[in-house]
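Undergrad: Below you'll find run_25.txt; it's compact mmCIF, C-alpha atoms and all ligand atoms.
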# COMPACT_ATOMS: atom_id res chain seq x y z
CA MET A 1 119.58 94.71 137.26
CA THR A 2 122.95 93.35 138.34
CA GLU A 3 126.16 94.93 139.42
CA THR A 4 129.69 93.53 139.65
CA ARG A 5 131.98 94.16 142.57
CA ARG A 6 135.62 93.35 142.93
CA HIS A 7 136.66 91.73 146.18
CA GLY A 8 139.79 90.22 147.66
CA ALA A 9 142.12 92.91 146.29
CA GLY A 10 145.74 92.42 147.30
CA ASP A 11 148.85 90.54 146.22
CA GLU A 12 148.08 87.89 143.63
CA THR A 13 148.97 84.37 144.70
CA THR A 14 148.62 81.10 142.78
CA ASP A 15 145.49 80.31 144.84
CA GLU A 16 143.90 83.62 144.01
CA LEU A 17 144.58 83.07 140.29
CA GLN A 18 142.75 79.75 140.40
CA THR A 19 139.67 81.08 142.17
CA PRO A 20 137.33 83.62 140.58
CA ARG A 21 137.95 87.12 141.84
CA TRP A 22 134.70 88.56 140.47
CA THR A 23 131.32 87.85 141.86
CA VAL A 24 128.00 88.90 140.41
CA VAL A 25 125.87 90.54 143.06
CA PRO A 26 122.21 90.81 142.05
CA GLY A 27 120.81 94.29 142.48
CA PRO A 28 117.52 94.84 144.27
CA ALA A 29 114.49 93.87 142.18
CA ARG A 30 112.59 96.93 141.04
CA THR A 31 108.85 96.86 141.22
CA PRO A 32 107.35 98.27 138.03
CA SER A 33 105.80 101.69 138.51
CA ARG A 34 102.01 101.90 138.43
CA GLY A 35 102.27 103.71 135.06
CA ALA A 36 104.39 100.92 133.52
CA ARG A 37 102.02 98.24 134.87
CA ARG A 38 99.06 100.08 133.40
CA GLN A 39 100.83 100.37 130.00
CA GLY A 40 101.68 96.64 130.01
CA PHE A 41 98.08 95.72 130.86
CA ARG A 42 96.78 98.05 128.16
CA THR A 43 99.12 96.46 125.57
CA THR A 44 97.91 92.95 126.49
CA VAL A 45 94.25 93.98 126.25
CA ALA A 46 94.86 95.77 122.94
CA VAL A 47 96.61 92.73 121.43
CA ASP A 48 93.86 90.34 122.61
CA ALA A 49 91.11 92.59 121.25
CA GLY A 50 92.95 93.06 117.94
CA ARG A 51 93.48 89.32 117.51
CA PHE A 52 89.83 88.63 118.30
CA ALA A 53 88.67 91.20 115.72
CA ALA A 54 91.04 89.74 113.09
CA THR A 55 89.80 86.21 113.75
CA MET A 56 86.14 87.29 113.50
CA SER A 57 86.86 89.17 110.26
CA ARG A 58 88.45 86.04 108.75
CA ARG A 59 85.59 83.79 109.91
CA LEU A 60 83.04 86.13 108.39
CA GLY A 61 84.95 86.02 105.09
CA MET A 62 85.74 89.72 105.23
CA GLY A 63 89.45 89.41 104.39
CA SER A 64 92.68 88.65 106.23
CA GLY A 65 91.60 90.76 109.22
CA ALA A 66 95.02 92.42 109.41
CA MET A 67 93.75 95.97 109.01
CA ILE A 68 90.73 95.78 111.31
CA GLY A 69 92.70 93.85 113.97
CA GLY A 70 95.57 96.33 113.88
CA ARG A 71 93.24 99.32 113.87
CA ILE A 72 91.27 98.17 116.92
CA ALA A 73 94.45 97.29 118.83
CA LEU A 74 95.97 100.70 118.03
CA SER A 75 92.82 102.52 119.16
CA LEU A 76 93.12 100.82 122.56
CA GLN A 77 96.88 101.40 122.93
CA PRO A 78 98.28 104.26 120.81
CA ARG A 79 101.88 103.29 121.81
CA LEU A 80 101.33 99.72 120.64
CA LEU A 81 103.67 99.81 117.62
CA ALA A 82 106.62 100.96 119.74
CA ASN A 83 105.77 98.40 122.45
CA LEU A 84 105.52 95.53 119.98
CA ALA A 85 108.73 96.53 118.16
CA ALA A 86 110.79 96.83 121.36
CA GLY A 87 113.63 94.32 121.51
CA ARG A 88 113.21 93.13 117.93
CA GLN A 89 115.24 93.72 114.77
CA VAL A 90 112.82 95.31 112.32
CA VAL A 91 113.55 95.96 108.62
CA MET A 92 111.29 98.53 106.95
CA VAL A 93 110.99 98.41 103.14
CA THR A 94 109.78 101.43 101.19
CA GLY A 95 109.83 102.95 97.69
CA THR A 96 107.40 103.28 94.80
CA ASN A 97 107.96 99.84 93.24
CA GLY A 98 109.09 96.45 94.52
CA LYS A 99 108.10 96.86 98.19
CA THR A 100 106.03 93.68 98.50
CA THR A 101 108.49 91.46 96.62
CA THR A 102 111.55 92.81 98.44
CA THR A 103 109.81 92.48 101.83
CA GLN A 104 109.10 88.85 101.00
CA MET A 105 112.78 88.33 100.12
CA VAL A 106 113.92 90.02 103.35
CA VAL A 107 111.61 87.99 105.61
CA GLU A 108 112.73 84.76 103.94
CA ALA A 109 116.40 85.72 104.38
CA LEU A 110 115.82 86.60 108.06
CA ARG A 111 114.20 83.21 108.62
CA SER A 112 117.63 81.68 108.01
CA ARG A 113 118.50 83.16 111.40
CA GLY A 114 115.28 82.98 113.40
CA GLU A 115 111.51 83.44 113.45
CA ALA A 116 110.43 86.47 111.42
CA VAL A 117 107.06 88.09 110.76
CA SER A 118 105.89 90.25 107.87
CA ASN A 119 102.84 92.17 106.61
CA ALA A 120 102.63 89.82 103.63
CA THR A 121 99.11 90.88 102.61
CA GLY A 122 100.36 94.37 101.79
CA ALA A 123 98.65 96.29 104.66
CA ASN A 124 101.53 98.76 104.73
CA MET A 125 100.46 101.44 107.20
CA LEU A 126 100.64 101.43 110.99
CA ASP A 127 97.64 99.13 111.53
CA GLY A 128 99.19 96.57 109.19
CA HIS A 129 102.52 96.77 111.04
CA VAL A 130 100.79 96.26 114.39
CA ALA A 131 98.89 93.27 113.00
CA ALA A 132 102.10 91.68 111.70
CA LEU A 133 104.02 92.21 114.95
CA MET A 134 101.24 90.94 117.20
CA ALA A 135 100.85 87.76 115.13
CA ARG A 136 104.05 86.39 116.72
CA ARG A 137 105.16 88.37 119.74
CA ASP A 138 108.14 86.06 120.26
CA ALA A 139 109.61 86.45 116.74
CA PRO A 140 112.93 88.32 117.06
CA TYR A 141 112.84 89.60 113.45
CA ALA A 142 110.33 91.43 111.27
CA ALA A 143 110.31 92.68 107.68
CA LEU A 144 107.62 95.29 107.12
CA GLU A 145 106.59 96.97 103.90
CA VAL A 146 105.75 100.61 104.54
CA ASP A 147 103.98 103.16 102.37
CA GLU A 148 106.47 105.86 101.30
CA LEU A 149 104.62 108.63 103.15
CA HIS A 150 104.30 106.59 106.36
CA LEU A 151 107.96 105.81 107.10
CA ALA A 152 108.19 109.10 109.03
CA GLN A 153 105.22 108.03 111.17
CA VAL A 154 107.01 104.75 111.94
CA THR A 155 110.32 106.35 112.94
CA ARG A 156 108.43 108.75 115.23
CA GLU A 157 107.26 105.63 117.09
CA PHE A 158 110.45 103.57 117.18
CA GLU A 159 113.84 103.16 115.51
CA PRO A 160 113.92 100.19 113.10
CA ALA A 161 117.21 98.32 112.67
CA VAL A 162 117.27 98.82 108.89
CA ALA A 163 115.34 100.82 106.28
CA ILE A 164 115.46 99.80 102.62
CA LEU A 165 114.86 102.68 100.17
CA LEU A 166 114.16 101.15 96.75
CA ASN A 167 113.19 103.94 94.32
CA LEU A 168 110.83 106.88 93.84
CA SER A 169 108.83 107.62 90.70
CA ARG A 170 105.51 109.16 89.73
CA ASP A 171 102.62 107.11 91.09
CA GLN A 172 99.02 108.10 91.69
CA LEU A 173 99.84 111.80 91.58
CA ASP A 174 96.25 112.69 92.48
CA ARG A 175 96.50 110.64 95.68
CA VAL A 176 100.13 110.36 96.79
CA GLY A 177 101.39 113.74 95.58
CA GLU A 178 104.62 114.89 94.01
CA ILE A 179 107.85 112.92 94.34
CA ARG A 180 109.63 115.88 95.94
CA THR A 181 107.12 115.79 98.81
CA VAL A 182 107.67 112.06 99.26
CA GLU A 183 111.46 112.51 99.18
CA ARG A 184 111.35 115.19 101.90
CA SER A 185 109.12 112.97 104.04
CA ILE A 186 111.60 110.08 103.78
CA ARG A 187 114.52 112.42 104.54
CA ASN A 188 112.64 113.54 107.65
CA ALA A 189 111.99 109.89 108.60
CA LEU A 190 115.73 109.16 108.47
CA GLN A 191 116.58 112.22 110.58
CA GLN A 192 114.28 110.86 113.30
CA ALA A 193 116.23 107.57 113.37
CA PRO A 194 119.97 108.36 113.31
CA GLU A 195 120.98 104.88 114.54
CA MET A 196 118.95 103.07 111.87
CA HIS A 197 121.03 101.53 109.07
CA VAL A 198 119.85 102.46 105.56
CA VAL A 199 120.16 100.37 102.39
CA ALA A 200 119.52 102.75 99.50
CA ASN A 201 119.50 102.99 95.71
CA ARG A 202 122.45 105.09 94.55
CA ASP A 203 121.07 105.23 90.97
CA ASP A 204 117.94 107.15 91.94
CA PRO A 205 118.73 110.83 92.62
CA ASN A 206 115.54 111.18 94.69
CA ILE A 207 116.67 108.36 96.98
CA VAL A 208 120.20 109.79 97.08
CA SER A 209 118.74 113.11 98.24
CA ALA A 210 116.69 111.39 100.94
CA ALA A 211 119.65 109.43 102.36
CA ALA A 212 122.74 111.52 101.49
CA GLU A 213 123.30 112.95 104.99
CA HIS A 214 122.42 109.77 106.89
CA PRO A 215 125.30 108.40 109.00
CA GLY A 216 125.06 104.71 107.99
CA VAL A 217 124.14 103.84 104.39
CA THR A 218 124.85 100.80 102.19
CA TRP A 219 124.46 101.92 98.55
CA ILE A 220 123.06 99.51 95.94
CA SER A 221 123.53 99.99 92.20
CA GLY A 222 121.50 98.15 89.59
CA GLY A 223 121.35 100.90 86.98
CA ALA A 224 118.73 103.60 86.48
CA ARG A 225 115.80 102.27 84.45
CA TRP A 226 112.95 104.76 84.59
CA VAL A 227 114.78 108.11 84.61
CA HIS A 228 111.99 110.54 83.76
CA ASP A 229 111.46 111.53 87.39
CA ALA A 230 115.17 111.96 88.03
CA LEU A 231 116.29 114.36 85.32
CA ASN A 232 116.64 117.27 87.72
CA CYS A 233 118.43 117.54 91.05
CA PRO A 234 115.87 117.04 93.84
CA ARG A 235 117.59 119.72 95.95
CA CYS A 236 118.14 122.61 93.53
CA GLY A 237 116.45 121.66 90.26
CA ALA A 238 119.62 121.72 88.12
CA PHE A 239 119.61 119.39 85.12
CA ILE A 240 121.29 116.02 85.71
CA GLU A 241 122.68 115.11 82.33
CA ASP A 242 123.20 111.38 82.82
CA THR A 243 121.55 109.64 85.77
CA ASN A 244 123.63 106.54 85.01
CA GLY A 245 126.90 108.47 85.04
CA PRO A 246 128.90 109.87 87.99
CA TRP A 247 126.81 113.04 88.27
CA GLN A 248 127.67 115.81 90.70
CA CYS A 249 125.43 118.80 91.19
CA ALA A 250 126.63 122.34 91.96
CA CYS A 251 124.54 122.26 95.17
CA GLY A 252 126.75 119.45 96.50
CA LEU A 253 124.50 116.46 95.92
CA ALA A 254 126.32 113.70 94.02
CA ARG A 255 125.94 110.07 93.05
CA PRO A 256 127.59 107.99 95.82
CA GLU A 257 130.00 105.10 95.25
CA ALA A 258 128.19 101.76 95.12
CA ASP A 259 128.76 99.16 97.85
CA TRP A 260 126.80 96.44 95.98
CA THR A 261 126.53 96.27 92.19
CA VAL A 262 123.96 94.19 90.32
CA THR A 263 125.22 92.77 87.02
CA GLY A 264 123.46 90.60 84.42
CA ASP A 265 123.72 87.43 86.48
CA ALA A 266 125.45 88.27 89.76
CA LEU A 267 125.68 90.51 92.79
CA VAL A 268 129.10 92.00 93.48
CA GLY A 269 129.67 92.79 97.15
CA PRO A 270 131.60 95.61 98.85
CA ASP A 271 134.83 93.56 98.93
CA GLY A 272 134.53 92.61 95.25
CA THR A 273 133.14 89.13 95.98
CA ARG A 274 130.85 87.96 93.20
CA TYR A 275 127.69 86.02 94.07
CA ASP A 276 126.15 84.24 91.09
CA ILE A 277 122.40 84.30 91.51
CA GLU A 278 119.62 82.40 89.85
CA LEU A 279 116.30 83.69 91.14
CA SER A 280 112.92 82.02 90.81
CA LEU A 281 111.50 85.47 90.00
CA PRO A 282 112.15 86.89 86.52
CA GLY A 283 113.82 90.09 85.36
CA HIS A 284 116.70 92.42 86.22
CA VAL A 285 114.39 94.32 88.56
CA ASN A 286 114.20 91.31 90.87
CA ARG A 287 118.00 90.92 90.93
CA ILE A 288 118.09 94.51 92.20
CA ASN A 289 115.42 93.69 94.83
CA ALA A 290 117.49 90.65 95.86
CA ALA A 291 120.59 92.83 96.35
CA PHE A 292 118.64 95.10 98.73
CA ALA A 293 117.31 92.10 100.66
CA LEU A 294 120.73 90.45 100.92
CA ALA A 295 122.46 93.65 102.11
CA ALA A 296 119.83 94.12 104.84
CA ALA A 297 120.04 90.47 105.91
CA LEU A 298 123.85 90.55 106.11
CA HIS A 299 123.69 93.72 108.22
CA LEU A 300 121.58 91.77 110.72
CA GLY A 301 124.09 88.93 110.87
CA CYS A 302 122.57 86.42 108.43
CA HIS A 303 124.90 83.95 106.71
CA GLN A 304 125.24 85.05 103.08
CA GLU A 305 124.80 81.67 101.40
CA LYS A 306 121.80 80.70 103.53
CA ALA A 307 120.19 84.10 103.01
CA LEU A 308 120.79 84.07 99.26
CA ASP A 309 119.49 80.54 98.93
CA ARG A 310 116.21 81.54 100.60
CA ILE A 311 115.95 84.77 98.57
CA SER A 312 116.40 82.86 95.31
CA ARG A 313 113.55 80.47 96.19
CA VAL A 314 110.94 83.25 96.52
CA ASP A 315 108.64 82.61 93.54
CA GLN A 316 105.77 85.02 94.19
CA ALA A 317 104.84 87.79 96.60
CA ASN A 318 101.14 88.21 97.37
CA GLY A 319 100.35 87.03 93.84
CA ARG A 320 102.98 89.05 91.98
CA TYR A 321 104.54 86.94 89.17
CA GLY A 322 102.34 84.06 90.37
CA ALA A 323 101.30 81.19 88.12
CA VAL A 324 97.55 80.90 88.80
CA THR A 325 94.42 79.48 87.19
CA LEU A 326 91.77 81.81 85.77
CA ALA A 327 88.75 80.82 83.65
CA GLY A 328 90.02 77.24 83.78
CA ARG A 329 93.44 77.90 82.29
CA PRO A 330 96.90 78.61 83.73
CA VAL A 331 98.06 82.22 83.45
CA ARG A 332 100.83 84.36 84.89
CA LEU A 333 99.86 87.48 86.85
CA LEU A 334 102.03 90.60 86.68
CA LEU A 335 101.39 93.85 88.54
CA ALA A 336 102.16 97.24 86.96
CA LYS A 337 100.67 100.37 88.46
CA ASN A 338 102.78 103.30 87.28
CA PRO A 339 105.07 104.11 84.32
CA ALA A 340 108.21 102.71 86.02
CA SER A 341 106.64 99.34 86.82
CA TRP A 342 104.97 99.11 83.37
CA LEU A 343 108.47 99.57 81.89
CA GLU A 344 109.75 96.55 83.83
CA MET A 345 106.74 94.30 83.12
CA LEU A 346 106.57 95.18 79.41
CA GLU A 347 110.25 94.28 79.14
CA LEU A 348 109.50 90.89 80.73
CA VAL A 349 106.71 90.05 78.28
CA SER A 350 108.57 91.48 75.26
CA SER A 351 111.12 88.67 75.37
CA HIS A 352 108.57 86.17 73.99
CA ASP A 353 105.29 86.07 72.12
CA ARG A 354 102.77 84.54 74.53
CA PRO A 355 99.18 85.85 74.55
CA LEU A 356 98.98 89.10 76.47
CA VAL A 357 96.06 90.68 78.35
CA LEU A 358 96.37 94.21 79.75
CA VAL A 359 93.96 95.45 82.44
CA VAL A 360 93.63 99.01 83.76
CA ASN A 361 91.19 100.21 86.42
CA SER A 362 90.96 103.67 87.97
CA ARG A 363 89.40 103.23 91.38
CA GLU A 364 90.36 105.05 94.57
CA ALA A 365 93.26 102.71 95.38
CA ASP A 366 94.59 103.08 91.80
CA GLY A 367 94.20 106.85 91.65
CA PHE A 368 91.37 108.14 89.42
CA ASP A 369 93.71 109.86 86.97
CA VAL A 370 94.99 107.67 84.12
CA SER A 371 96.90 110.32 82.17
CA TRP A 372 100.04 108.31 83.07
CA LEU A 373 99.06 105.83 80.34
CA TRP A 374 100.69 108.32 77.95
CA ASP A 375 103.98 108.11 79.90
CA VAL A 376 104.24 104.34 79.39
CA ASP A 377 106.32 103.15 76.44
CA PHE A 378 103.73 100.76 74.97
CA GLU A 379 105.60 101.10 71.65
CA VAL A 380 107.74 98.09 72.73
CA LEU A 381 104.64 95.98 71.90
CA ALA A 382 104.32 97.38 68.36
CA GLY A 383 103.36 94.70 65.87
CA ARG A 384 101.90 92.42 68.53
CA SER A 385 98.25 91.70 69.12
CA VAL A 386 96.96 92.12 72.66
CA LEU A 387 93.66 92.01 74.52
CA VAL A 388 92.63 94.87 76.81
CA THR A 389 89.99 95.19 79.49
CA GLY A 390 89.25 96.90 82.82
CA ASP A 391 87.35 100.06 83.82
CA ARG A 392 89.64 102.08 81.56
CA GLY A 393 90.04 99.51 78.78
CA LEU A 394 88.93 102.06 76.17
CA ASP A 395 91.55 104.62 77.29
CA LEU A 396 94.14 101.86 77.05
CA ALA A 397 92.92 100.87 73.57
CA VAL A 398 93.32 104.47 72.36
CA ARG A 399 96.84 104.65 73.81
CA LEU A 400 97.79 101.34 72.16
CA ARG A 401 96.45 102.47 68.82
CA TYR A 402 98.79 105.48 68.92
CA ALA A 403 101.63 103.09 69.85
CA GLY A 404 100.95 100.91 66.80
CA VAL A 405 99.76 97.92 68.82
CA ARG A 406 96.79 95.89 67.55
CA CYS A 407 94.27 95.32 70.32
CA ASP A 408 90.82 93.90 70.98
CA LEU A 409 88.64 95.11 73.83
CA ALA A 410 86.99 92.52 76.11
CA ASP A 411 84.38 92.96 78.86
CA SER A 412 86.40 90.95 81.36
CA VAL A 413 89.64 89.03 81.73
CA GLU A 414 87.68 85.76 81.61
CA GLU A 415 86.09 86.78 78.30
CA ALA A 416 89.52 87.78 76.97
CA LEU A 417 90.98 84.39 77.94
CA ASP A 418 88.06 82.57 76.30
CA THR A 419 88.96 84.08 72.92
CA LEU A 420 92.51 82.69 73.01
CA SER A 421 93.40 79.43 71.34
CA GLY A 422 94.70 76.79 73.71
CA ASP A 423 98.08 76.08 72.09
CA SER A 424 99.61 79.55 71.98
CA GLY A 425 101.40 79.34 75.34
CA THR A 426 100.58 80.43 78.90
CA PRO A 427 98.85 83.83 78.70
CA GLU A 428 100.31 86.68 80.69
CA ILE A 429 98.16 89.31 82.35
CA ILE A 430 99.55 92.70 83.31
CA ALA A 431 97.09 94.48 85.57
CA ASN A 432 97.17 97.62 87.68
CA TYR A 433 96.47 97.60 91.40
CA THR A 434 92.76 96.89 92.00
CA ALA A 435 92.52 94.84 88.80
CA PHE A 436 95.46 92.70 89.94
CA ARG A 437 94.09 92.36 93.48
CA ASP A 438 90.68 91.19 92.23
CA LEU A 439 92.18 88.73 89.73
CA PHE A 440 94.44 87.23 92.40
CA ALA A 441 91.44 86.87 94.75
CA ARG A 442 89.35 85.23 92.00
CA SER A 443 92.20 82.82 91.19
CA ARG A 444 92.10 81.61 94.80
CA ALA A 445 88.30 81.42 95.14
ZN ZN A 501 121.48 120.25 93.12
So, in terms of structure tokens, how does the structure I just supplied come out?
Ligand SMILES: [Zn+2]
TA:
Amino acid sequence: MTETRRHGAGDETTDELQTPRWTVVPGPARTPSRGARRQGFRTTVAVDAGRFAATMSRRLGMGSGAMIGGRIALSLQPRLLANLAAGRQVVMVTGTNGKTTTTQMVVEALRSRGEAVSNATGANMLDGHVAALMARRDAPYAALEVDELHLAQVTREFEPAVAILLNLSRDQLDRVGEIRTVERSIRNALQQAPEMHVVANRDDPNIVSAAAEHPGVTWISGGARWVHDALNCPRCGAFIEDTNGPWQCACGLARPEADWTVTGDALVGPDGTRYDIELSLPGHVNRINAAFALAAALHLGCHQEKALDRISRVDQANGRYGAVTLAGRPVRLLLAKNPASWLEMLELVSSHDRPLVLVVNSREADGFDVSWLWDVDFEVLAGRSVLVTGDRGLDLAVRLRYAGVRCDLADSVEEALDTLSGDSGTPEIIANYTAFRDLFARSRA
């Protein structure tokens, strides 16, 4: 604590102008209260215990240790997330699809300005956030992926600097619930953090509804792709005729003007400046993710060229889009876990004719229900021959047969790869969540 006092008031003379007239007088040092000391001690113990648990988990080969470390630390100090976030600029990234990739882009962009941490392994609830923040307590920046239904829990604890709202679409309806519930939860999260800046998708009516009343929003437009969860107004249920047009609902909700627009090969900023981008990651969907990451980074004072350069060098995010080796041959791994992300990944593989393996599981983390297979437009593969496998390979084979796609069923991805001839190009594997996770782990074993 310091205070400033003015002294030597009176007629100004040349001498007085040359000597400083303001002196900083240090205020009395405050001794921390017993309560604050106890909280600080508790935080230190919680962080030490969490780090120890994470290290042991890694040494025992039980995973990255992020979840167990974070969980133990939180059980010892329930206020730990707020304590660890204090004094840092934290960007939270949420939405149904693109969280992990966009978080990776944001953390890279922030590193152009200073040390930054991230929950790169995808542990996207509070224990994962605690683990990421305690990994480097001196890092001034953090980019954290957060599960859509947990953003409200985060903003109850502390106010992040920025929240990125990517998109909302049907996903694991038996586990996550209806989109309207998720939208209301995000709206509530924003109300709890009025100072937080929001970077949001103006082409997704569910996101527009979540952020419409927020005081500070940067709107991104990359075009609506999967529109089947956005045909009706999230507020009143009225039919929205054209999600990609300037819709305005009778209840007052309307498509906002875009600040950033994503075109075929560039990002166009709020002042009309055009940034040509060439990303290492494929597809229009990643140009949209890059626009979100850049807008968040610029809000936190990053230099645009340095940030964009780092964003464009991101070439995989926890295995997504990664070139890996499986069964002794190079393959590319793509994650698709709901109709909207299958739409994007099928578009990527439709532009060429490399061997294609599709894998669908239905374990707890995937959601047990696979009726969404019938919402995916597999017809874009009509005339091609693909290999299918996974717990629900048979369901997938039936769906593909109705879509006019020739397919063979294999017991495993390795068996599927064995049947391919060597000269037909790098095979691509599209897998849903647990299938993807296990393949990525096996590729690194
Ligand atoms: Zn409405």
Undergrad: Could you please determine the separation between atom CA of Phe436 of chain A and atom CA of Arg332 of chain A in Å, to one decimal place?
TA: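 For atom CA of Phe436 of chain A relative to atom CA of Arg332 of chain A, the distance reads 11.1 Å.
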Undergrad: Between atom CA of Ala73 of chain A and atom CA of Val47 of chain A, what is the spacing in Å?
TA: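 Separation of atom CA of Val47 of chain A and atom CA of Ala73 of chain A: 5.7 Å.
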Undergrad: Please provide as number ranges by chain all residues within 8 Å of segment 124-140 of chain A, with the sequence filter that same-chain residues fewer than 3 positions apart are discarded (counting only C-alpha atoms).
TA: A: 47, 50-51, 66-71, 73-74, 80-81, 84-85, 87-89, 114-119, 144-147, 150, 154
Undergrad: Could you list, with a cut-off of 7 Å and counting all atoms listed in the file, the residues of chain A near ligand ZN 501 (chain A), each shown with its nearest atom pair and the distance in Å rounded to one decimal, rows sorted by chain and ascending number, as a tab-separated table?
TA:
residue	atom	partner	partner_atom	distance
A:Cys233	CA	A:ZN501	ZN	4.6
A:Pro234	CA	A:ZN501	ZN	6.5
A:Arg235	CA	A:ZN501	ZN	4.8
A:Cys236	CA	A:ZN501	ZN	4.1
A:Gly237	CA	A:ZN501	ZN	6.0
A:Ala238	CA	A:ZN501	ZN	5.5
A:Cys249	CA	A:ZN501	ZN	4.6
A:Ala250	CA	A:ZN501	ZN	5.7
A:Cys251	CA	A:ZN501	ZN	4.2
A:Gly252	CA	A:ZN501	ZN	6.3
A:Leu253	CA	A:ZN501	ZN	5.6
Undergrad: So, counting all atoms listed in the file, which residue among A:Thr426, A:Ser351, A:Ser169, A:Thr325 is closest to Leu439 of chain A?
TA: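 Ranking A:Thr426, A:Ser351, A:Ser169, A:Thr325 by distance to Leu439 of chain A, first place goes to A:Thr325.
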Undergrad: Kindly indicate which residue among A:Arg170, A:Arg354, A:Arg329, A:Arg34 lies nearest to Trp226 of chain A, using all atoms listed in the file for the distances.
TA: A:Arg170
Undergrad: Rounded to one decimal place, report the atom CA of Glu347 of chain A-atom CA of Glu305 of chain A distance in Å.
TA: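 Distance between the two atoms: 29.4 Å.
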Undergrad: What's around segment 91-105 of chain A at 6 Å? Count only C-alpha atoms, leave out sequence neighbours fewer than 4 positions away in its own chain, and write the answer as a ChimeraX atom specification.
TA: /A:143-146,148,161-168,289,293,311,317
